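Peer 1: input_4.txt is the file, holding compact mmCIF, C-alpha atoms (C1' of nucleotides):
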# COMPACT_ATOMS: atom_id res chain seq x y z
CA MET C 272 7.76 -62.65 34.75
CA LEU C 273 4.83 -63.88 32.67
CA ARG C 274 3.66 -60.68 31.07
CA THR C 275 0.19 -60.24 29.59
CA ASN C 276 -1.74 -57.20 28.37
CA LYS C 277 -5.50 -57.48 28.13
CA ALA C 278 -6.07 -53.93 26.88
CA PHE C 279 -3.61 -54.33 24.04
CA PHE C 280 -5.11 -57.68 23.11
CA HIS C 281 -8.58 -56.20 22.81
CA HIS C 282 -7.36 -53.25 20.79
CA ILE C 283 -5.72 -55.47 18.18
CA GLU C 284 -8.55 -57.99 18.21
CA HIS C 285 -10.84 -55.11 17.40
CA LEU C 286 -8.62 -53.95 14.53
CA TYR C 287 -8.64 -57.49 13.20
CA ASN C 288 -12.42 -57.72 13.29
CA GLU C 289 -12.90 -54.31 11.70
CA GLU C 290 -10.52 -54.92 8.88
CA LYS C 291 -12.17 -55.40 5.50
CA LEU C 292 -9.54 -57.19 3.52
CA LYS C 293 -8.16 -59.46 6.21
CA GLN C 294 -4.78 -58.74 4.83
CA ASP C 295 -2.85 -56.44 7.13
CA VAL C 296 -3.72 -58.45 10.20
CA VAL C 297 -3.92 -62.23 9.99
CA ILE C 298 -4.03 -65.03 12.50
CA ARG C 299 -1.16 -67.50 12.56
CA ASN C 300 -0.79 -70.60 14.68
CA PHE C 301 2.46 -71.77 16.23
CA ARG C 302 3.74 -74.97 17.82
CA LYS C 303 5.62 -75.50 21.02
CA GLY C 304 9.32 -75.11 20.30
CA GLU C 305 8.86 -72.91 17.25
CA LEU C 306 11.03 -69.79 16.93
CA LEU C 307 8.82 -66.75 16.35
CA LEU C 308 11.75 -64.34 16.23
CA GLU C 309 15.38 -65.14 15.64
CA GLN C 310 18.09 -62.99 17.14
CA ASP C 311 20.00 -60.89 14.56
CA GLN C 312 17.58 -61.78 11.76
CA PRO C 313 15.20 -59.24 10.15
CA ALA C 314 11.68 -59.14 11.56
CA LYS C 315 8.98 -60.07 9.04
CA LYS C 316 5.84 -59.17 10.93
CA VAL C 317 4.79 -57.49 14.11
CA MET C 318 2.94 -60.04 16.19
CA LEU C 319 0.61 -59.96 19.13
CA ILE C 320 0.02 -63.11 21.10
CA ARG C 321 -3.58 -64.40 21.11
CA GLU C 322 -2.93 -67.51 23.12
CA GLY C 323 0.00 -69.54 24.33
CA ILE C 324 3.24 -68.70 26.13
CA THR C 325 6.62 -67.79 24.70
CA LYS C 326 10.02 -66.99 26.12
CA CYS C 327 12.12 -64.05 25.08
CA TYR C 328 15.85 -64.70 25.49
CA PHE C 329 19.34 -63.68 24.42
CA SER C 330 21.87 -66.15 23.08
CA GLU C 331 25.26 -64.86 24.12
CA ALA C 332 28.53 -65.48 22.32
CA ASN C 333 29.66 -67.81 25.09
CA ASP C 334 26.73 -70.17 24.41
CA LYS C 335 24.82 -69.12 27.47
CA GLU C 336 21.24 -67.95 27.40
CA TYR C 337 19.42 -65.29 29.38
CA ILE C 338 15.63 -65.18 29.51
CA VAL C 339 14.30 -61.62 29.61
CA GLU C 340 10.68 -62.51 30.10
CA PHE C 341 7.87 -64.92 29.43
CA LEU C 342 5.20 -63.46 27.17
CA GLY C 343 1.53 -64.43 27.10
CA GLN C 344 -1.74 -63.02 25.77
CA GLY C 345 -1.63 -59.43 24.55
CA GLU C 346 2.15 -59.15 24.42
CA ILE C 347 3.57 -57.64 21.28
CA LEU C 348 6.64 -58.90 19.40
CA SER C 349 9.19 -57.17 17.14
CA GLU C 350 7.65 -53.73 17.66
CA ILE C 351 11.00 -52.53 19.01
CA GLU C 352 12.75 -53.73 15.89
CA VAL C 353 10.30 -51.89 13.65
CA ILE C 354 10.54 -48.69 15.69
CA ARG C 355 14.33 -48.75 15.67
CA ASN C 356 14.72 -50.26 12.21
CA THR C 357 17.03 -53.03 13.36
CA ASN C 358 17.28 -56.78 13.28
CA CYS C 359 15.83 -58.87 16.07
CA LEU C 360 17.30 -58.12 19.45
CA CYS C 361 16.69 -61.56 20.85
CA ASN C 362 14.99 -64.88 20.24
CA ILE C 363 11.35 -65.56 20.93
CA GLN C 364 10.43 -69.20 21.21
CA ALA C 365 7.07 -70.80 21.91
CA ILE C 366 6.97 -72.91 25.05
CA THR C 367 3.37 -73.95 24.41
CA ASP C 368 1.25 -74.17 21.27
CA GLY C 369 -0.67 -71.00 20.46
CA SER C 370 -1.45 -68.29 17.94
CA VAL C 371 -0.73 -64.66 17.11
CA PHE C 372 -2.19 -61.76 15.22
CA ALA C 373 0.45 -61.13 12.56
CA ILE C 374 0.50 -57.49 11.51
CA SER C 375 2.24 -56.30 8.36
CA ILE C 376 5.10 -53.92 9.04
CA PRO C 377 3.88 -51.08 6.81
CA TYR C 378 0.48 -51.21 8.47
CA PHE C 379 2.03 -51.14 11.93
CA ARG C 380 4.15 -48.14 10.95
CA LYS C 381 1.03 -46.36 9.79
CA LEU C 382 -0.68 -47.14 13.08
CA ILE C 383 2.20 -45.66 15.04
CA GLN C 384 1.94 -42.48 13.04
CA THR C 385 -1.80 -42.12 13.29
CA ASP C 386 -3.35 -44.11 16.11
CA LEU C 387 -2.97 -42.22 19.35
CA GLN C 388 -4.66 -44.92 21.37
CA LEU C 389 -2.20 -47.49 20.10
CA ASN C 390 0.62 -45.15 21.01
CA ASN C 391 -0.68 -44.97 24.55
CA LEU C 392 -1.02 -48.73 24.77
CA LEU C 393 2.56 -49.07 23.60
CA LEU C 394 3.77 -46.50 26.11
CA ASN C 395 2.11 -48.42 28.92
CA GLU C 396 3.54 -51.69 27.74
CA PHE C 397 7.05 -50.25 27.41
CA ALA C 398 6.83 -48.63 30.83
CA GLU C 399 5.91 -51.94 32.43
CA ARG C 400 8.72 -53.75 30.65
CA LEU C 401 11.28 -51.15 31.58
CA VAL C 402 10.34 -51.31 35.22
CA ASN C 403 10.49 -55.07 35.23
CA THR C 404 13.73 -55.34 33.36
CA ALA C 405 15.56 -52.65 35.30
CA LYS C 406 14.40 -53.88 38.71
CA ARG C 407 15.38 -57.41 37.90
CA ALA C 408 18.79 -56.43 36.55
CA SER C 409 19.41 -54.66 39.82
CA TYR C 410 18.43 -57.31 42.29
CA GLN C 411 19.75 -60.25 40.31
CA GLN C 412 23.09 -58.50 40.27
CA LEU C 413 23.05 -57.49 43.93
CA TYR C 414 21.59 -60.51 45.68
CA PRO C 415 22.78 -64.12 45.78
CA ALA C 416 21.09 -66.70 43.58
CA GLU C 417 19.24 -68.23 46.50
CA HIS C 418 17.38 -65.02 47.20
CA ASN C 419 16.43 -64.58 43.56
CA LEU C 420 15.27 -68.15 43.34
CA ALA C 421 12.88 -67.57 46.20
CA LYS C 422 11.43 -64.62 44.31
CA LEU C 423 11.15 -66.63 41.10
CA ARG C 424 9.31 -69.45 42.82
CA ALA C 425 6.85 -67.05 44.37
CA LEU C 426 6.16 -65.61 40.92
CA MET C 427 5.72 -69.05 39.38
CA GLU C 428 3.30 -69.84 42.14
CA THR C 429 1.09 -66.77 41.81
CA GLN C 430 1.11 -66.97 38.04
CA LYS C 431 0.65 -70.72 37.93
CA LEU C 432 3.51 -70.94 35.48
CA GLN C 433 5.49 -74.14 35.15
CA ILE C 434 8.89 -73.99 33.54
CA SER C 435 11.80 -76.39 33.20
CA LYS C 436 14.81 -76.17 35.47
CA GLU C 437 16.89 -75.16 32.51
CA ASP C 438 14.60 -72.21 31.82
CA MET C 439 14.65 -71.30 35.48
CA SER C 440 18.42 -71.15 35.46
CA ALA C 441 18.42 -69.11 32.22
CA TYR C 442 15.96 -66.71 33.81
CA LEU C 443 18.18 -66.32 36.87
CA GLY C 444 21.30 -66.04 34.76
CA ILE C 445 23.04 -68.88 36.56
CA THR C 446 24.05 -72.42 35.60
CA LEU C 447 21.83 -75.41 36.12
CA ARG C 448 24.30 -76.70 38.66
CA SER C 449 23.99 -73.55 40.72
CA LEU C 450 20.24 -73.70 40.53
CA ASN C 451 20.27 -77.22 41.92
CA ARG C 452 22.49 -76.12 44.75
CA ALA C 453 20.19 -73.24 45.59
CA LEU C 454 17.18 -75.54 45.49
CA LYS C 455 18.98 -77.92 47.80
CA SER C 456 19.86 -75.37 50.42
CA LYS C 457 16.30 -74.20 50.76
CA LEU C 458 14.89 -77.68 50.62
CA PHE C 459 13.28 -77.14 53.99
CA GLN C 460 10.53 -75.19 52.24
CA ASP C 461 9.40 -77.90 49.86
CA MET X 261 25.65 -45.83 29.16
CA LEU X 262 25.45 -42.02 28.93
CA ARG X 263 22.14 -41.56 27.21
CA THR X 264 21.15 -38.37 25.40
CA ASN X 265 18.28 -37.48 23.08
CA LYS X 266 18.69 -34.46 20.85
CA ALA X 267 15.29 -34.78 19.15
CA PHE X 268 13.45 -34.88 22.46
CA PHE X 269 15.45 -31.95 23.76
CA HIS X 270 14.47 -29.81 20.78
CA HIS X 271 10.83 -30.77 21.03
CA ILE X 272 10.57 -29.67 24.65
CA GLU X 273 12.72 -26.60 24.12
CA HIS X 274 10.27 -25.62 21.42
CA LEU X 275 7.29 -26.16 23.74
CA TYR X 276 9.01 -24.02 26.34
CA ASN X 277 9.60 -21.17 23.89
CA GLU X 278 6.06 -21.31 22.53
CA GLU X 279 4.40 -21.30 25.87
CA LYS X 280 2.64 -18.08 26.72
CA LEU X 281 2.39 -18.21 30.47
CA LYS X 282 5.74 -19.78 31.28
CA GLN X 283 3.97 -21.82 33.83
CA ASP X 284 3.62 -25.40 32.71
CA VAL X 285 7.26 -25.65 31.66
CA VAL X 286 9.92 -23.87 33.69
CA ILE X 287 13.69 -24.05 33.88
CA ARG X 288 15.26 -25.22 37.11
CA ASN X 289 18.94 -25.43 37.97
CA PHE X 290 20.51 -28.19 39.99
CA ARG X 291 23.82 -28.74 41.78
CA LYS X 292 26.18 -31.66 41.71
CA GLY X 293 25.07 -34.16 44.33
CA GLU X 294 21.44 -33.03 44.36
CA LEU X 295 18.71 -35.71 44.27
CA LEU X 296 16.29 -34.96 41.44
CA LEU X 297 14.16 -38.02 42.13
CA GLU X 298 14.02 -40.06 45.29
CA GLN X 299 13.18 -43.72 45.18
CA ASP X 300 9.73 -44.58 46.61
CA GLN X 301 8.72 -40.90 46.91
CA PRO X 302 6.01 -39.29 44.76
CA ALA X 303 7.21 -37.48 41.63
CA LYS X 304 6.46 -33.75 41.61
CA LYS X 305 7.36 -32.81 38.06
CA VAL X 306 8.34 -34.45 34.83
CA MET X 307 11.81 -33.20 33.94
CA LEU X 308 13.91 -33.11 30.83
CA ILE X 309 17.62 -32.49 31.18
CA ARG X 310 18.91 -29.32 29.46
CA GLU X 311 22.50 -29.67 30.57
CA GLY X 312 24.54 -31.67 33.03
CA ILE X 313 24.80 -35.37 33.82
CA THR X 314 22.86 -37.47 36.30
CA LYS X 315 22.90 -41.06 37.41
CA CYS X 316 19.84 -43.23 37.73
CA TYR X 317 20.23 -45.94 40.38
CA PHE X 318 18.43 -48.34 42.68
CA SER X 319 19.13 -48.51 46.40
CA GLU X 320 18.54 -52.09 47.43
CA ALA X 321 17.48 -53.29 50.85
CA ASN X 322 20.94 -54.72 51.47
CA ASP X 323 22.52 -51.27 51.16
CA LYS X 324 23.96 -51.93 47.75
CA GLU X 325 23.39 -49.70 44.75
CA TYR X 326 22.91 -50.48 41.09
CA ILE X 327 23.31 -47.78 38.44
CA VAL X 328 20.86 -48.27 35.56
CA GLU X 329 22.20 -45.48 33.37
CA PHE X 330 23.78 -42.10 33.18
CA LEU X 331 21.45 -39.47 31.74
CA GLY X 332 22.46 -36.34 29.84
CA GLN X 333 20.84 -33.77 27.57
CA GLY X 334 17.37 -34.60 26.29
CA GLU X 335 16.72 -37.43 28.74
CA ILE X 336 13.36 -37.40 30.46
CA LEU X 337 12.76 -38.13 34.16
CA SER X 338 9.71 -39.46 36.05
CA GLU X 339 7.67 -39.97 32.89
CA ILE X 340 7.37 -43.66 33.79
CA GLU X 341 6.02 -42.79 37.20
CA VAL X 342 3.38 -40.48 35.70
CA ILE X 343 2.38 -43.04 33.08
CA ARG X 344 2.04 -45.80 35.65
CA ASN X 345 0.79 -43.63 38.49
CA THR X 346 3.40 -44.85 40.95
CA ASN X 347 6.09 -43.50 43.22
CA CYS X 348 9.64 -43.12 41.96
CA LEU X 349 11.20 -46.35 40.80
CA CYS X 350 14.74 -45.29 41.57
CA ASN X 351 16.94 -42.38 42.56
CA ILE X 352 18.25 -39.79 40.14
CA GLN X 353 21.20 -37.82 41.39
CA ALA X 354 23.17 -35.08 39.65
CA ILE X 355 26.83 -35.88 39.16
CA THR X 356 27.52 -32.45 37.64
CA ASP X 357 25.77 -29.07 37.94
CA GLY X 358 23.09 -28.49 35.32
CA SER X 359 19.47 -27.62 34.60
CA VAL X 360 16.16 -29.15 33.54
CA PHE X 361 12.91 -28.19 31.94
CA ALA X 362 10.42 -28.94 34.71
CA ILE X 363 7.03 -29.85 33.29
CA SER X 364 3.86 -29.89 35.39
CA ILE X 365 2.29 -33.31 35.67
CA PRO X 366 -1.20 -32.34 34.43
CA TYR X 367 0.33 -30.67 31.39
CA PHE X 368 2.46 -33.72 30.65
CA ARG X 369 -0.61 -35.94 30.91
CA LYS X 370 -2.40 -33.72 28.46
CA LEU X 371 0.52 -33.95 26.06
CA ILE X 372 0.48 -37.71 26.19
CA GLN X 373 -3.18 -37.71 25.30
CA THR X 374 -2.94 -35.22 22.46
CA ASP X 375 0.57 -34.81 21.08
CA LEU X 376 1.31 -37.61 18.66
CA GLN X 377 4.80 -36.39 17.98
CA LEU X 378 5.62 -36.50 21.67
CA ASN X 379 4.21 -40.01 21.82
CA ASN X 380 6.58 -41.03 19.06
CA LEU X 381 9.53 -39.42 20.76
CA LEU X 382 8.68 -41.28 23.94
CA LEU X 383 8.33 -44.56 22.07
CA ASN X 384 11.78 -44.12 20.58
CA GLU X 385 13.28 -43.23 23.92
CA PHE X 386 11.66 -46.21 25.63
CA ALA X 387 12.75 -48.54 22.87
CA GLU X 388 16.37 -47.43 23.26
CA ARG X 389 16.25 -47.81 27.01
CA LEU X 390 14.70 -51.24 26.83
CA VAL X 391 17.34 -52.46 24.43
CA ASN X 392 20.11 -51.09 26.59
CA THR X 393 18.75 -52.36 29.84
CA ALA X 394 17.89 -55.83 28.61
CA LYS X 395 21.18 -56.33 26.77
CA ARG X 396 23.16 -55.23 29.76
CA ALA X 397 21.20 -57.40 32.19
CA SER X 398 22.03 -60.34 29.97
CA TYR X 399 25.72 -59.92 29.51
CA GLN X 400 26.44 -58.67 33.00
CA GLN X 401 24.79 -61.79 34.28
CA LEU X 402 26.49 -64.17 31.86
CA TYR X 403 30.03 -62.85 31.63
CA PRO X 404 32.65 -62.38 34.35
CA ALA X 405 33.26 -58.90 35.74
CA GLU X 406 36.52 -58.52 33.87
CA HIS X 407 34.79 -58.78 30.52
CA ASN X 408 32.14 -56.25 31.51
CA LEU X 409 34.74 -53.88 32.81
CA ALA X 410 36.46 -53.90 29.43
CA LYS X 411 33.16 -52.96 27.84
CA LEU X 412 32.52 -50.21 30.37
CA ARG X 413 35.94 -48.67 29.82
CA ALA X 414 35.43 -48.64 26.08
CA LEU X 415 32.13 -46.81 26.59
CA MET X 416 33.68 -44.30 28.98
CA GLU X 417 36.35 -43.69 26.39
CA THR X 418 34.08 -43.08 23.42
CA GLN X 419 31.69 -40.96 25.47
CA LYS X 420 34.44 -39.08 27.27
CA LEU X 421 32.69 -39.79 30.53
CA GLN X 422 34.66 -39.81 33.76
CA ILE X 423 33.14 -41.51 36.77
CA SER X 424 34.42 -42.53 40.19
CA LYS X 425 35.49 -46.09 40.91
CA GLU X 426 32.56 -46.42 43.24
CA ASP X 427 30.14 -45.51 40.45
CA MET X 428 31.90 -47.89 38.11
CA SER X 429 31.40 -50.74 40.55
CA ALA X 430 27.75 -49.77 41.07
CA TYR X 431 27.26 -49.78 37.31
CA LEU X 432 28.79 -53.22 37.01
CA GLY X 433 26.90 -54.50 40.01
CA ILE X 434 30.02 -55.66 41.81
CA THR X 435 31.90 -54.52 44.90
CA LEU X 436 34.66 -51.98 44.80
CA ARG X 437 37.06 -54.70 45.85
CA SER X 438 36.14 -56.83 42.86
CA LEU X 439 36.50 -53.86 40.55
CA ASN X 440 40.03 -53.27 41.79
CA ARG X 441 40.89 -56.88 41.20
CA ALA X 442 39.53 -56.76 37.68
CA LEU X 443 41.46 -53.57 36.97
CA LYS X 444 44.59 -55.25 38.29
CA SER X 445 44.33 -58.33 36.14
CA LYS X 446 43.99 -56.37 32.95
CA LEU X 447 46.63 -53.87 33.96
CA PHE X 448 48.55 -54.68 30.83
CA GLN X 449 46.16 -52.48 28.87
CA ASP X 450 46.71 -49.28 30.82
C1' DA V 69 8.05 -104.45 28.69
C1' DT V 70 12.33 -102.25 26.48
C1' DT V 71 15.05 -98.69 25.15
C1' DG V 72 16.69 -94.23 24.18
C1' DA V 73 16.74 -89.41 24.95
C1' DA V 74 15.84 -85.59 27.66
C1' DA V 75 15.47 -83.71 32.27
C1' DA V 76 17.03 -83.68 36.90
C1' DA V 77 20.42 -84.33 40.65
C1' DG V 78 24.76 -84.02 42.49
C1' DG V 79 30.29 -85.04 43.49
C1' DA V 80 34.83 -82.89 43.11
C1' DC V 81 37.52 -79.25 42.11
C1' DA V 82 38.62 -74.47 40.07
C1' DT V 83 37.50 -69.81 39.63
C1' DT V 84 35.16 -65.69 40.79
C1' DT V 85 33.35 -62.61 43.91
C1' DG V 86 32.39 -60.89 48.57
C1' DT V 87 33.65 -59.52 53.33
C1' DC V 88 36.46 -57.45 56.55
C1' DC V 89 40.30 -55.18 57.28
C1' DC V 90 44.11 -51.82 56.95
C1' DA V 91 47.43 -48.71 54.44
C1' DA V 92 48.61 -44.95 51.33
C1' DC V 93 47.53 -40.71 49.08
C1' DG V 94 45.66 -36.10 48.18
C1' DG V 95 42.92 -32.18 49.12
C1' DC V 96 41.31 -28.94 52.29
C1' DA V 97 39.85 -26.61 56.51
C1' DA V 98 41.53 -25.18 61.09
C1' DT D 240 51.82 -27.38 59.22
C1' DT D 241 48.47 -30.62 61.25
C1' DG D 242 44.75 -33.41 61.18
C1' DC D 243 40.67 -35.15 59.05
C1' DC D 244 38.19 -37.36 55.44
C1' DG D 245 37.07 -39.23 51.10
C1' DT D 246 39.10 -41.97 47.47
C1' DT D 247 41.97 -45.58 46.05
C1' DG D 248 44.49 -49.98 46.45
C1' DG D 249 45.12 -54.37 48.22
C1' DG D 250 45.94 -58.75 51.77
C1' DA D 251 43.68 -62.81 53.74
C1' DC D 252 40.10 -65.60 54.11
C1' DA D 253 35.08 -67.06 53.28
C1' DA D 254 31.28 -67.76 50.36
C1' DA D 255 29.15 -68.18 45.91
C1' DT D 256 29.24 -69.81 41.41
C1' DG D 257 31.14 -72.29 37.38
C1' DT D 258 33.10 -76.41 35.03
C1' DC D 259 33.32 -81.08 34.06
C1' DC D 260 31.43 -85.46 34.74
C1' DT D 261 28.55 -89.21 36.21
C1' DT D 262 24.28 -91.08 37.86
C1' DT D 263 19.38 -91.30 38.35
C1' DT D 264 14.77 -90.43 36.87
C1' DT D 265 11.12 -89.73 33.67
C1' DC D 266 8.56 -90.56 29.85
C1' DA D 267 7.34 -91.39 25.31
C1' DA D 268 8.12 -94.23 21.09
C1' DT D 269 8.79 -98.80 19.64
For the file at hand, write its structure as structure tokens.
Peer 2:
Amino acid sequence: MLRTNKAFFHHIEHLYNEEKLKQDVVIRNFRKGELLLEQDQPAKKVMLIREGITKCYFSEANDKEYIVEFLGQGEILSEIEVIRNTNCLCNIQAITDGSVFAISIPYFRKLIQTDLQLNNLLLNEFAERLVNTAKRASYQQLYPAEHNLAKLRALMETQKLQISKEDMSAYLGITLRSLNRALKSKLFQD
Amino acid sequence: MLRTNKAFFHHIEHLYNEEKLKQDVVIRNFRKGELLLEQDQPAKKVMLIREGITKCYFSEANDKEYIVEFLGQGEILSEIEVIRNTNCLCNIQAITDGSVFAISIPYFRKLIQTDLQLNNLLLNEFAERLVNTAKRASYQQLYPAEHNLAKLRALMETQKLQISKEDMSAYLGITLRSLNRALKSKLFQD
DNA sequence: ATTGAAAAAGGACATTTGTCCCAACGGCAA
DNA sequence: TTGCCGTTGGGACAAATGTCCTTTTTCAAT
């Protein structure tokens, strides 16, 4: 659930250090609560998280939200939008303070067309995301909330990630009320 | 829902025609019902669909199935498994007769490391899949079955794709009984 | 210490979805 | 034709989840 990508982080960090003009890749800080990407709006930069944690989520027309994943160090943002030439697919909001490498879009396009190593890093990242997203879609759909909650808690444990109940329910795709019920019924474990 | 990829198809077709030894890329036919990939088993070849339609689905421990997508011409199979060095993530079963280009795994690995154009084709394919999968996970989770059924029928219409009720329910992640109920309630549209 | 706002917990009832059956229909092999 | 089997459709009841509200708790700003 909390994705990170050390290899990708080092690759971009290296690009940043190499760069003469400090122009195509710059560091930008962000505050907890800040929106790094806004659903349906054009992307301005490709970003790679240096530090901090963000959540990636859809806002649906019925006012509900669905969290796709939590993104930490080395995760890249708005690369899909640049590749497909579309507006932002979903929102990305900081849940802690942090910073990113902000990469200009033309530069990123050039990298895609020339940097084979970057291509491979992207392929790996996409493969991991696809696996995660598809697996989760399947079991969240096919198992009751209680079962999925157990899985979520195990993940939070191993990854030492603390999130609000509201985010937990948005991650599970259920209402807060249902989350509380599920927590209740398996209260024996607490 | 029925994914295809003309550009990828042409790229691999071209590789096949170029190839001297007809060894690293071969054509293989398949029959309706045949399993091209079996969940949790090692992948033997990377395949790219030449003709025919397949379904990509998870078999969960509780005996339920979830269809991730339907794959047609130009869609690639088991590339994720080769990239990540893992067993098959899910099942791929033919729902019509057809054929694939079967690519040897070492050759595919070599392509990934050397063929920038192929890398870009893969990036595009992955980006499309991610968008599809994530969007669907979100709205299937956050809207009632009836709403999702309406969407599914519209897709089936525009893509002229006919699938059994059982596959429809597996795609929606609901039981056959629930599908029938949903069909009933919006019977006015038929 | 006081207060206000956000987060957390849960009661009561409605709706949705699942489970377990059984019935009807159509194709197809004996 | 007969009988079997897979697909489709649906009744009756149980379980899961959502909706709408209210209460409690927490915690930071005053």
Peer 1: Only residues of chain X matter here; which ones have an atom within 9 Å of chain D, counting only C-alpha atoms (C1' of nucleotides)? Give them as a short mmCIF file (atom, residue, chain, number, x, y, z; two decimals) with C-alpha atoms, in the coordinates of the input.
Peer 2:
data_model
loop_
_atom_site.label_atom_id
_atom_site.label_comp_id
_atom_site.auth_asym_id
_atom_site.auth_seq_id
_atom_site.Cartn_x
_atom_site.Cartn_y
_atom_site.Cartn_z
CA SER X 424 34.42 -42.53 40.19
CA LYS X 425 35.49 -46.09 40.91
CA GLU X 426 32.56 -46.42 43.24
CA ARG X 437 37.06 -54.70 45.85
CA ASN X 440 40.03 -53.27 41.79
CA ARG X 441 40.89 -56.88 41.20
#
Peer 1: Around (19.5, -35.6, 28.3) in the file's frame, which residues reach within 10 Å when counting only C-alpha atoms (C1' of nucleotides)? Return as a list of chain:residue names?
Peer 2: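 Residues found, by chain and rising number: X:Leu262, X:Arg263, X:Thr264, X:Asn265, X:Lys266, X:Phe268, X:Phe269, X:Met307, X:Leu308, X:Ile309, X:Arg310, X:Glu311, X:Gly312, X:Ile313, X:Thr314, X:Phe330, X:Leu331, X:Gly332, X:Gln333, X:Gly334, X:Glu335, X:Ile336, X:Leu337, X:Val360.
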Peer 1: Could you tell me which residues of chain C sit within 6 Å of chain X when counting only C-alpha atoms, and give me the result as a list in words?
Peer 2: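 Taking only C-alpha atoms into account, Tyr337, Ile351, Ala398, Leu401, Ala408, Ser409, Gln412 and Gly444 of chain C sit within 6 Å of chain X.
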Peer 1: Would you mind reading off the distance between CA of Leu415 (chain X) and CA of Gln310 (chain C), one decimal, in Å?
Peer 2: 23.4 Å
Peer 1: Please report the interatomic distance between CA of Val286 (chain X) and CA of Lys305 (chain X) in Å with one decimal.
Peer 2: 10.3 Å
Peer 1: Please measure the separation of CA of Met428 (chain X) and CA of Leu412 (chain X), giving the value in Å to one decimal.
Peer 2: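 That distance, rounded to one decimal, is 8.1 Å.
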Peer 1: Give me, as a PyMOL selection string, the contact residues of chain V against chain X at a cut-off of 8 Å, counting all atoms listed in the file.
Peer 2: chain V and resi 84-86
Peer 1: Regenerate region 374-385 of chain C at the level of N, CA and C atoms and dump it as an mmCIF file, in the coordinates of the input.
Peer 2:
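Below is the file that was written, out03.cif:
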data_model
loop_
_atom_site.group_PDB
_atom_site.id
_atom_site.type_symbol
_atom_site.label_atom_id
_atom_site.label_comp_id
_atom_site.auth_asym_id
_atom_site.auth_seq_id
_atom_site.Cartn_x
_atom_site.Cartn_y
_atom_site.Cartn_z
ATOM 1 N N ILE C 374 0.817 -58.809 12.085
ATOM 2 C CA ILE C 374 0.500 -57.490 11.510
ATOM 3 C C ILE C 374 1.599 -57.110 10.525
ATOM 4 N N SER C 375 1.212 -56.672 9.335
ATOM 5 C CA SER C 375 2.240 -56.300 8.360
ATOM 6 C C SER C 375 3.004 -55.075 8.854
ATOM 7 N N ILE C 376 4.263 -55.002 8.519
ATOM 8 C CA ILE C 376 5.100 -53.920 9.040
ATOM 9 C C ILE C 376 4.652 -52.545 8.543
ATOM 10 N N PRO C 377 4.339 -52.402 7.256
ATOM 11 C CA PRO C 377 3.880 -51.080 6.810
ATOM 12 C C PRO C 377 2.621 -50.618 7.536
ATOM 13 N N TYR C 378 1.718 -51.548 7.764
ATOM 14 C CA TYR C 378 0.480 -51.210 8.470
ATOM 15 C C TYR C 378 0.787 -50.774 9.907
ATOM 16 N N PHE C 379 1.680 -51.493 10.544
ATOM 17 C CA PHE C 379 2.030 -51.140 11.930
ATOM 18 C C PHE C 379 2.673 -49.756 11.980
ATOM 19 N N ARG C 380 3.539 -49.476 11.012
ATOM 20 C CA ARG C 380 4.150 -48.140 10.950
ATOM 21 C C ARG C 380 3.081 -47.060 10.807
ATOM 22 N N LYS C 381 2.099 -47.337 9.984
ATOM 23 C CA LYS C 381 1.030 -46.360 9.790
ATOM 24 C C LYS C 381 0.281 -46.142 11.110
ATOM 25 N N LEU C 382 0.024 -47.253 11.803
ATOM 26 C CA LEU C 382 -0.680 -47.140 13.080
ATOM 27 C C LEU C 382 0.089 -46.251 14.059
ATOM 28 N N ILE C 383 1.390 -46.460 14.115
ATOM 29 C CA ILE C 383 2.200 -45.660 15.040
ATOM 30 C C ILE C 383 2.089 -44.180 14.721
ATOM 31 N N GLN C 384 1.978 -43.893 13.430
ATOM 32 C CA GLN C 384 1.940 -42.480 13.040
ATOM 33 C C GLN C 384 0.552 -41.841 13.127
ATOM 34 N N THR C 385 -0.449 -42.675 13.333
ATOM 35 C CA THR C 385 -1.800 -42.120 13.290
ATOM 36 C C THR C 385 -2.683 -42.484 14.480
#
